[in-house]
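Peer 1: Here you go, this is start22.cif (mmCIF, C-alpha atoms).
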```cif
data_upload
#
loop_
_atom_site.label_atom_id
_atom_site.label_comp_id
_atom_site.auth_asym_id
_atom_site.auth_seq_id
_atom_site.Cartn_x
_atom_site.Cartn_y
_atom_site.Cartn_z
CA MET A 235 155.59 102.76 164.57
CA PRO A 236 152.85 104.85 162.87
CA THR A 237 149.33 103.48 162.74
CA ARG A 238 148.47 102.49 159.17
CA VAL A 239 145.07 103.93 158.20
CA GLY A 240 143.22 103.65 154.91
CA PHE A 241 141.29 106.56 153.43
CA ILE A 242 138.96 105.43 150.65
CA ILE A 243 138.85 108.36 148.23
CA GLY A 244 137.76 109.03 144.65
CA LYS A 245 135.18 111.82 144.57
CA GLU A 246 134.57 113.66 141.30
CA TYR A 247 132.80 116.58 143.02
CA ASP A 248 132.79 118.49 146.35
CA PHE A 249 135.83 120.56 145.42
CA VAL A 250 137.92 122.55 147.90
CA ASP A 251 139.68 124.78 145.37
CA THR A 252 136.78 126.77 143.93
CA ILE A 253 136.90 130.56 143.52
CA HIS A 254 135.28 131.54 146.84
CA SER A 255 136.31 128.49 148.88
CA PRO A 256 137.74 129.29 152.34
CA VAL A 257 140.01 126.23 152.19
CA ASP A 258 143.73 127.02 152.30
CA THR A 259 145.12 124.56 149.76
CA ALA A 260 148.79 125.53 150.20
CA PHE A 261 149.47 122.24 151.98
CA MET A 262 148.59 120.40 148.77
CA LYS A 263 151.27 121.97 146.59
CA ASP A 264 153.40 118.82 146.87
CA LEU A 265 150.51 116.43 146.18
CA PRO A 266 151.94 113.62 144.00
CA SER A 267 150.77 113.49 140.41
CA GLU A 268 149.41 109.95 140.87
CA LEU A 269 146.97 111.26 143.47
CA ARG A 270 146.15 114.50 141.70
CA ALA A 271 145.45 112.74 138.36
CA ARG A 272 141.94 111.37 138.00
CA PRO A 273 141.94 107.77 136.81
CA ALA A 274 140.41 106.72 133.50
CA PRO A 275 137.68 105.98 132.85
CA ARG A 276 136.40 108.96 134.84
CA PHE A 277 133.85 107.99 137.47
CA THR A 278 130.59 109.93 137.15
CA TRP A 279 127.02 109.30 138.16
CA PRO A 280 124.42 108.99 135.40
CA GLY A 281 123.83 112.43 133.89
CA MET A 282 126.90 113.93 135.58
CA ALA A 283 129.56 115.55 133.40
CA ALA A 284 133.21 114.78 134.15
CA PRO A 285 134.65 117.62 136.26
CA PRO A 286 137.91 119.46 135.53
CA GLN A 287 141.00 117.29 135.72
CA ASP A 288 142.92 119.56 138.08
CA GLN A 289 140.37 120.24 140.83
CA ILE A 290 140.78 118.63 144.25
CA SER A 291 137.90 117.04 146.14
CA ALA A 292 137.30 117.19 149.89
CA ASP A 293 138.06 113.50 150.50
CA LEU A 294 141.57 113.74 149.03
CA ALA A 295 142.22 117.02 150.85
CA ILE A 296 141.29 115.45 154.20
CA ALA A 297 143.48 112.41 153.65
CA TRP A 298 146.46 114.48 152.46
CA TYR A 299 146.14 116.83 155.44
CA VAL A 300 146.32 113.84 157.80
CA HIS A 301 149.38 112.62 155.90
CA LYS A 302 151.08 116.01 156.22
CA HIS A 303 150.24 116.85 159.83
CA TYR A 304 149.89 113.60 161.80
CA PRO A 305 153.21 111.69 161.95
CA ASP A 306 151.65 108.99 164.15
CA ILE A 307 149.52 107.93 161.18
CA SER A 308 150.68 106.33 157.95
CA VAL A 309 147.98 107.13 155.37
CA ASP A 310 147.06 104.53 152.77
CA PHE A 311 145.41 106.44 149.91
CA ILE A 312 142.90 103.95 148.49
CA LEU A 313 141.45 104.87 145.09
CA PRO A 314 138.47 102.97 143.62
CA ASN A 315 140.64 100.59 141.61
CA ASP A 316 142.73 99.80 144.70
CA ILE A 317 139.88 98.38 146.78
CA THR A 318 140.49 94.72 147.67
CA LEU A 319 139.95 92.66 150.80
CA ASN A 320 143.70 92.23 151.31
CA ARG A 321 144.37 95.95 150.92
CA LEU A 322 141.80 96.88 153.54
CA GLN A 323 142.89 94.19 156.01
CA ALA A 324 146.47 95.48 155.87
CA ASN A 325 145.34 98.63 157.73
CA THR A 326 144.29 99.20 161.32
CA CYS A 327 141.07 100.72 159.99
CA ASN A 328 139.71 102.23 156.77
CA PHE A 329 137.59 105.37 156.59
CA ILE A 330 135.11 105.89 153.77
CA VAL A 331 135.49 109.58 152.94
CA GLY A 332 134.76 109.40 149.21
CA TYR A 333 134.01 106.36 147.07
CA ASP A 334 131.55 103.78 148.43
CA ILE A 335 129.08 101.05 147.46
CA LEU A 336 126.73 103.47 145.70
CA ASP A 337 129.58 104.59 143.46
CA ALA A 338 130.56 100.99 142.76
CA MET A 339 126.99 100.27 141.64
CA CYS A 340 127.53 102.66 138.74
CA GLU A 341 130.50 100.64 137.51
CA GLY A 342 128.78 97.32 136.95
CA ALA A 343 128.18 94.02 138.71
CA VAL A 344 131.81 92.90 138.77
CA LYS A 345 133.11 96.04 140.46
CA LEU A 346 130.17 96.09 142.85
CA ALA A 347 130.87 92.50 143.91
CA VAL A 348 134.56 93.25 144.57
CA VAL A 349 133.84 96.35 146.64
CA THR A 350 130.94 94.76 148.54
CA ASP A 351 133.03 91.72 149.44
CA ALA A 352 135.90 93.90 150.62
CA PHE A 353 133.70 96.17 152.73
CA LYS A 354 131.62 93.33 154.16
CA MET A 355 134.45 90.94 155.02
CA CYS A 356 137.41 93.12 156.03
CA GLY A 357 136.12 93.76 159.55
CA ASN A 358 137.80 97.16 159.85
CA ILE A 359 135.77 99.47 157.59
CA MET A 360 134.51 102.71 159.14
CA PRO A 361 131.64 103.06 159.51
CA SER A 362 131.02 99.34 159.88
CA TRP A 363 129.20 97.31 157.26
CA GLU A 364 126.25 97.06 159.68
CA VAL A 365 125.96 100.85 159.84
CA GLN A 366 126.37 101.18 156.07
CA GLU A 367 123.59 98.68 155.38
CA ALA A 368 121.25 100.41 157.82
CA ILE A 369 121.73 103.61 155.81
CA TYR A 370 121.72 102.12 152.29
CA MET A 371 118.46 100.23 152.91
CA LYS A 372 116.49 103.26 154.01
CA SER A 373 113.72 101.31 155.73
CA GLY A 374 116.31 100.18 158.30
CA TYR A 375 116.92 103.55 159.91
CA MET A 376 113.53 105.03 158.97
CA LYS A 377 111.52 102.36 160.80
CA GLU A 378 113.74 102.66 163.87
CA ALA A 379 113.56 106.45 163.74
CA ALA A 380 109.77 106.28 163.57
CA ARG A 381 109.76 103.98 166.60
CA LEU A 382 111.84 106.56 168.45
CA GLY A 383 109.34 109.30 167.59
CA VAL A 384 111.42 111.10 164.97
CA PRO A 385 109.03 112.98 162.65
CA MET A 386 109.12 111.84 159.01
CA ALA A 387 106.97 112.27 155.92
CA PRO A 388 104.22 109.62 155.54
CA THR A 389 106.00 106.66 154.00
CA ILE A 390 105.34 103.36 152.23
CA PHE A 391 108.15 100.86 151.61
CA ALA A 392 107.78 98.96 148.34
CA ILE A 393 110.07 95.93 148.65
CA LYS A 394 111.40 94.02 145.64
CA GLY A 395 109.46 90.80 145.10
CA ASN A 396 106.38 92.16 146.85
CA ARG A 397 105.28 95.19 144.85
CA GLU A 398 103.24 96.06 141.81
CA PRO A 399 101.78 99.35 140.54
CA GLN A 400 98.09 98.67 141.16
CA SER A 401 98.46 97.63 144.80
CA LEU A 402 100.77 100.57 145.49
CA MET A 403 98.20 102.98 144.07
CA GLN A 404 95.48 101.43 146.20
CA GLU A 405 97.55 101.92 149.33
CA ILE A 406 98.43 105.51 148.38
CA LYS A 407 94.75 106.36 147.82
CA ALA A 408 93.76 104.65 151.06
CA ARG A 409 96.20 106.89 152.90
CA GLY A 410 94.59 109.98 151.33
CA TRP A 411 97.61 111.24 149.40
CA GLN A 412 97.18 113.48 146.38
CA GLN A 413 100.80 113.76 145.29
CA PHE A 414 103.74 111.54 146.12
CA VAL A 415 107.43 111.00 145.43
CA THR A 416 109.34 107.79 145.01
CA LYS A 417 113.05 107.35 145.58
CA GLN A 418 115.29 104.35 145.99
CA SER A 419 117.19 102.60 148.70
CA TYR A 420 120.75 101.98 147.55
CA GLY A 421 120.22 105.19 145.58
CA PHE A 422 122.30 108.32 145.05
CA GLY A 423 121.79 111.89 143.95
CA SER A 424 118.42 112.11 142.21
CA ALA A 425 118.69 108.74 140.43
CA GLY A 426 115.29 107.08 140.41
CA PHE A 427 113.58 110.06 142.04
CA LYS A 428 110.12 110.78 140.62
CA LYS A 429 107.28 113.09 141.67
CA LEU A 430 103.77 112.00 140.65
CA SER A 431 100.10 112.71 141.38
CA VAL A 432 97.34 110.22 142.01
CA GLN A 433 95.28 111.81 139.23
CA GLU A 434 97.93 111.43 136.52
CA CYS A 435 98.64 107.83 137.55
CA GLU A 436 94.94 106.97 137.39
CA GLU A 437 94.63 108.61 133.97
CA ASN A 438 97.77 106.88 132.71
CA PRO A 439 98.57 103.66 134.63
CA GLY A 440 101.54 103.13 132.34
CA ILE A 441 103.53 105.79 134.24
CA LEU A 442 104.02 103.61 137.31
CA GLU A 443 104.31 100.43 135.25
CA GLU A 444 107.18 101.96 133.29
CA TYR A 445 108.83 103.15 136.50
CA PHE A 446 108.61 99.67 138.04
CA ASP A 447 110.08 98.12 134.89
CA THR A 448 112.91 100.65 134.61
CA HIS A 449 113.95 100.23 138.24
CA SER A 450 113.03 96.58 138.69
CA GLU A 451 116.39 95.68 140.26
CA CYS A 452 116.09 98.26 143.03
CA PRO A 453 115.67 96.38 146.33
CA GLU A 454 113.31 98.95 147.83
CA TYR A 455 111.34 102.03 146.78
CA VAL A 456 110.65 104.61 149.45
CA VAL A 457 107.31 106.16 148.52
CA GLN A 458 106.29 109.28 150.45
CA GLU A 459 103.51 111.81 150.38
CA PHE A 460 104.82 114.93 148.64
CA ILE A 461 105.35 117.67 151.22
CA GLU A 462 104.79 121.04 149.50
CA GLY A 463 106.61 123.02 152.17
CA PHE A 464 109.74 121.02 151.45
CA CYS A 465 110.10 123.06 148.27
CA ARG A 466 109.43 126.42 149.92
CA ASN A 467 111.88 125.99 152.77
CA TRP A 468 115.58 125.22 152.97
CA GLU A 469 116.55 121.61 153.63
CA VAL A 470 119.02 121.78 156.52
CA ARG A 471 121.90 119.31 156.47
CA CYS A 472 123.62 118.83 159.82
CA PHE A 473 127.06 117.23 160.11
CA TRP A 474 127.86 115.12 163.19
CA PHE A 475 130.99 113.33 164.42
CA ASN A 476 131.10 111.30 167.65
CA GLY A 477 127.45 112.27 167.93
CA GLU A 478 128.41 115.93 168.27
CA PHE A 479 127.15 118.69 165.97
CA LYS A 480 129.88 120.24 163.80
CA TYR A 481 128.15 122.54 161.29
CA ALA A 482 125.19 122.80 158.94
CA ILE A 483 124.49 123.92 155.41
CA ALA A 484 121.16 124.25 153.66
CA ASN A 485 120.09 123.77 150.07
CA ARG A 486 117.05 124.15 147.84
CA ALA A 487 116.69 123.21 144.20
CA ALA A 488 116.20 126.02 141.70
CA VAL A 489 112.97 124.45 140.44
CA SER A 490 111.48 124.86 143.90
CA CYS A 491 111.89 128.61 144.17
CA ALA A 492 110.10 131.66 142.94
CA GLU A 493 111.97 134.07 140.70
CA GLY A 494 114.45 136.14 142.64
CA GLU A 495 114.74 133.75 145.58
CA LYS A 496 118.14 132.44 146.59
CA VAL A 497 118.84 128.93 145.34
CA GLY A 498 121.61 126.39 145.58
CA VAL A 499 123.51 126.05 148.88
CA ILE A 500 123.91 128.41 151.84
CA GLY A 501 126.13 128.30 154.89
CA GLU A 502 125.09 127.99 158.53
CA ASP A 503 125.01 131.74 159.18
CA GLU A 504 122.30 132.20 156.52
CA ILE A 505 119.98 129.45 157.79
CA PRO A 506 116.90 130.76 159.64
CA PRO A 507 117.60 130.25 163.39
CA GLU A 508 114.40 128.28 164.03
CA ALA A 509 115.17 125.92 161.15
CA LEU A 510 118.72 125.34 162.37
CA GLU A 511 117.70 124.61 165.95
CA GLU A 512 114.93 122.23 164.88
CA ALA A 513 117.30 120.50 162.45
CA LYS A 514 119.85 119.98 165.21
CA ARG A 515 117.19 118.69 167.61
CA ILE A 516 115.70 116.20 165.15
CA GLY A 517 119.09 115.20 163.76
CA LYS A 518 120.41 114.40 167.24
CA GLN A 519 117.39 112.21 167.87
CA ALA A 520 117.79 110.49 164.50
CA LEU A 521 121.35 109.43 165.33
CA GLU A 522 119.88 106.96 167.82
CA ALA A 523 118.26 105.05 164.93
CA LEU A 524 121.65 103.74 163.76
CA PRO A 525 123.50 100.66 165.07
CA GLN A 526 126.30 101.10 167.59
CA LEU A 527 129.66 101.60 165.91
CA THR A 528 132.46 99.36 167.21
CA THR A 529 136.17 98.84 166.70
CA PRO A 530 137.31 95.79 164.72
CA ALA A 531 137.69 94.08 168.10
CA GLY A 532 134.08 94.86 169.05
CA GLN A 533 134.51 97.71 171.55
CA PRO A 534 131.85 100.46 171.30
CA ILE A 535 133.13 103.79 169.95
CA GLY A 536 131.60 107.11 168.94
CA MET A 537 130.16 107.30 165.43
CA THR A 538 132.16 108.67 162.51
CA LEU A 539 130.63 111.27 160.19
CA ILE A 540 126.84 111.19 159.90
CA ARG A 541 124.79 113.80 158.02
CA THR A 542 121.11 114.31 158.84
CA ASP A 543 118.95 116.10 156.25
CA ILE A 544 115.91 117.86 157.68
CA GLY A 545 112.94 119.17 155.66
CA CYS A 546 110.07 121.47 156.60
CA ALA A 547 106.29 121.22 156.09
CA ASP A 548 104.19 124.38 156.26
CA SER A 549 100.86 123.32 154.73
CA LYS A 550 98.28 120.56 154.86
CA VAL A 551 99.49 116.96 154.87
CA HIS A 552 96.76 114.66 153.56
CA ASP A 553 97.88 111.37 155.11
CA LYS A 554 95.05 110.05 157.26
CA ASP A 555 97.39 109.06 160.09
CA THR A 556 99.53 112.21 160.13
CA HIS A 557 98.19 115.18 162.07
CA TRP A 558 100.62 118.03 161.50
CA ASP A 559 99.21 121.53 162.02
CA PRO A 560 99.11 123.17 158.56
CA ASP A 561 99.44 126.62 160.12
CA VAL A 562 102.85 126.00 161.71
CA LYS A 563 106.16 124.73 160.41
CA THR A 564 106.82 121.06 161.12
CA TYR A 565 110.38 119.84 160.64
CA PHE A 566 111.05 116.23 159.73
CA LEU A 567 113.87 113.83 158.91
CA ASN A 568 114.33 113.41 155.18
CA GLU A 569 117.47 111.30 154.95
CA ILE A 570 120.62 110.12 156.70
CA GLU A 571 124.00 109.99 154.95
CA TYR A 572 127.48 108.99 156.14
CA GLY A 573 131.20 109.54 155.40
CA GLY A 574 131.07 109.23 151.61
CA THR A 575 128.67 112.16 151.41
CA THR A 576 129.27 115.75 150.31
CA TYR A 577 131.08 117.85 152.95
CA PHE A 578 130.40 121.25 151.27
CA PRO A 579 133.65 122.93 152.48
CA ARG A 580 133.34 125.48 149.66
CA VAL A 581 130.25 127.20 151.15
CA LEU A 582 131.47 127.49 154.74
CA LYS A 583 132.92 130.59 156.37
CA PHE A 584 135.87 128.63 157.79
CA ASP A 585 138.40 126.09 156.52
CA ALA A 586 136.85 122.74 157.48
CA ILE A 587 139.63 120.47 156.18
CA PRO A 588 141.88 120.72 159.29
CA MET A 589 138.85 119.99 161.47
CA TRP A 590 137.88 116.85 159.54
CA ALA A 591 141.50 115.70 159.41
CA GLU A 592 141.84 116.07 163.18
CA MET A 593 138.64 114.12 163.82
CA TYR A 594 139.55 111.25 161.52
CA ALA A 595 143.13 111.12 162.87
CA SER A 596 141.88 111.11 166.48
CA LYS A 597 139.36 108.40 165.68
CA ALA A 598 142.06 106.23 164.08
CA LEU A 599 144.31 106.58 167.13
CA GLU A 600 141.38 105.87 169.46
CA ILE A 601 140.64 102.66 167.54
CA GLN A 602 144.30 101.64 167.63
CA GLU A 603 144.53 102.29 171.38
CA LYS A 604 141.36 100.37 172.21
CA MET A 605 142.45 97.43 170.09
CA ALA A 606 145.84 97.41 171.79
CA VAL A 607 144.14 97.29 175.21
CA PHE A 608 141.90 94.49 173.96
CA SER A 609 144.88 92.51 172.66
CA LYS A 610 146.75 92.92 175.93
CA ALA A 611 143.71 91.82 177.94
CA THR A 612 143.26 88.79 175.68
CA VAL A 613 146.91 87.74 176.09
CA GLU A 614 146.69 88.14 179.88
CA SER A 615 143.50 86.10 179.99
CA LEU A 616 145.08 83.31 177.98
CA GLN A 617 148.15 83.39 180.23
CA LEU A 618 145.99 83.09 183.36
CA THR A 619 144.17 80.16 181.83
CA ALA A 620 147.44 78.45 180.95
CA ASP A 621 148.77 78.96 184.49
CA SER A 622 145.64 77.57 186.21
CA PRO A 623 146.15 74.21 188.00
CA CYS A 624 144.44 71.32 186.26
CA ASP A 625 144.88 67.61 187.09
CA SER A 626 145.33 65.12 184.27
CA ASP A 627 141.94 63.42 184.79
CA SER A 628 140.09 66.72 184.52
CA TYR A 629 142.12 67.66 181.44
CA ALA A 630 141.40 64.35 179.80
CA SER A 631 137.72 64.66 180.60
CA ALA A 632 137.56 68.20 179.15
CA SER A 633 139.48 67.19 176.03
CA SER A 634 137.16 64.24 175.47
CA ALA A 635 134.08 66.43 175.83
CA SER A 636 135.43 68.99 173.37
CA THR A 637 135.73 66.40 170.61
CA GLU A 638 132.17 65.10 170.89
#
```
Represent the structure from my file as structure tokens, please.

Peer 2:
Amino acid sequence: MPTRVGFIIGKEYDFVDTIHSPVDTAFMKDLPSELRARPAPRFTWPGMAAPPQDQISADLAIAWYVHKHYPDISVDFILPNDITLNRLQANTCNFIVGYDILDAMCEGAVKLAVVTDAFKMCGNIMPSWEVQEAIYMKSGYMKEAARLGVPMAPTIFAIKGNREPQSLMQEIKARGWQQFVTKQSYGFGSAGFKKLSVQECEENPGILEEYFDTHSECPEYVVQEFIEGFCRNWEVRCFWFNGEFKYAIANRAAVSCAEGEKVGVIGEDEIPPEALEEAKRIGKQALEALPQLTTPAGQPIGMTLIRTDIGCADSKVHDKDTHWDPDVKTYFLNEIEYGGTTYFPRVLKFDAIPMWAEMYASKALEIQEKMAVFSKATVESLQLTADSPCDSDSYASASSASTE
């Protein structure tokens, strides 16, 4: 009997069928209309326009490829409106490859509560709820990464219930920063991202006060010294599965570049070799900051998709406790993402969909096999216990003790 596996999908971006995409989409010609059609209302992040109705996102392509090419797996295509605790628990495991908690946040408190409850309680979500929380609440992995010696930009965590503009400014000035950025845990895209200077905040204290008021429900602000070199150099995003490097892309916002420079996203072959090697080195180290992934039965397994984003400093950092040489490039961990992230298949020089499908299919079968071994061992253990000799007095004594 095929292993039933859920794929939680629902992206409205990260398309595989763009003009220059290397993805061969012929296998999707028989995609059912109910999967191809985008549900109403269209899910978009704040400020994001609804994409074309007929384009196909990477998450759906991966799930459909598994469906078409892996007969040992019965794919449960789970769209955002399908997410319930019962639906998830009906599967051996469920991979987040598209829609996740951050998307649910955009749809209101009711939807967020339903999705959170399902993810938290089902016991078979991949990655686990523990791993998800460690990534959503950025201080979780950032503090552990710092303990492990992973380089990061100077950082202050402003926790809800224990933050106010004046004290934050005092701490920023005490650290010696001149410019800083603030972004949010449980954040997405550029929502809540703001770049400020100490001077402008001193001249107009209302800037931070308004920011605190606007984002008062955010559980945690991550406040970091602004690293100028981050804008001059490509941010390298490395993709890992089972802790193994798969590929990298790099991106840089148009506002960061001088006229004539390349902007947007580039593939691995265009990334400067030094930047790629440093990104792989730091990314590999950063993986150790995450909790151990386990099967629903608790056996350790290799991690599903993790993406490590690595920035580069090439000028003076003013933080009094950070001693990076301004005359050399220093690479640092910017963020960690997981399976619901952007895969960027459209900018690669190879078709990545079969690769991702094979990895997710293999992981599902590995989980099923380990759980089967666990179940067999549990049954054998119970049988041995039942067959053990036990006199009536000892049994009565044990039974009496168990009820006290």

Peer 1: Give me, as number ranges by chain, all polymer residues having an atom no more than 9 Å from Glu459 in chain A, counting only C-alpha atoms and skipping those fewer than 2 positions away in the same chain.

Peer 2: A: 387-390, 406, 411-416, 457, 461, 551-553

Peer 1: Spell out the residues picked by the PyMOL selection byres ((chain A and resi 462) around 8) here, as a ChimeraX atom specification.

Peer 2: /A:460-461,463-466,547-549

Peer 1: For CA of Trp298 in chain A and CA of Lys345 in chain A, quote the distance in Å rounded to one decimal.

Peer 2: 25.7 Å

Peer 1: Write out as a list in words which residues come within 8 Å of Met262 in chain A when counting all atoms listed in the file, dropping same-chain ones fewer than 2 positions away.

Peer 2: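 In the requested format, the answer is Thr259, Ala260, Asp264, Leu265, Ala295, Trp298 and Tyr299 of chain A.
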
Peer 1: Have a look at CA of Asp316 in chain A and CA of Ile601 in chain A and let me know their distance in Å, one decimal.

Peer 2: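 Atom-to-atom, CA of Asp316 in chain A to CA of Ile601 in chain A, that is 23.1 Å.
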
Peer 1: Between A:Cys356, A:Pro453, A:Asp310, A:Ala379, which residue has the minimum interatomic distance to Gly395 in chain A, considering all atoms listed in the file?

Peer 2: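 Looking at the shortest contact to Gly395 in chain A, the residue is A:Pro453.
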
Peer 1: Pick out the residues sitting within 8 Å of Val257 in chain A, and hand them over as an NGL selection string; count only C-alpha atoms, and ignore anything fewer than 4 positions along from it in its own chain.

Peer 2: :A and (250-251 or 579-580 or 584-587)
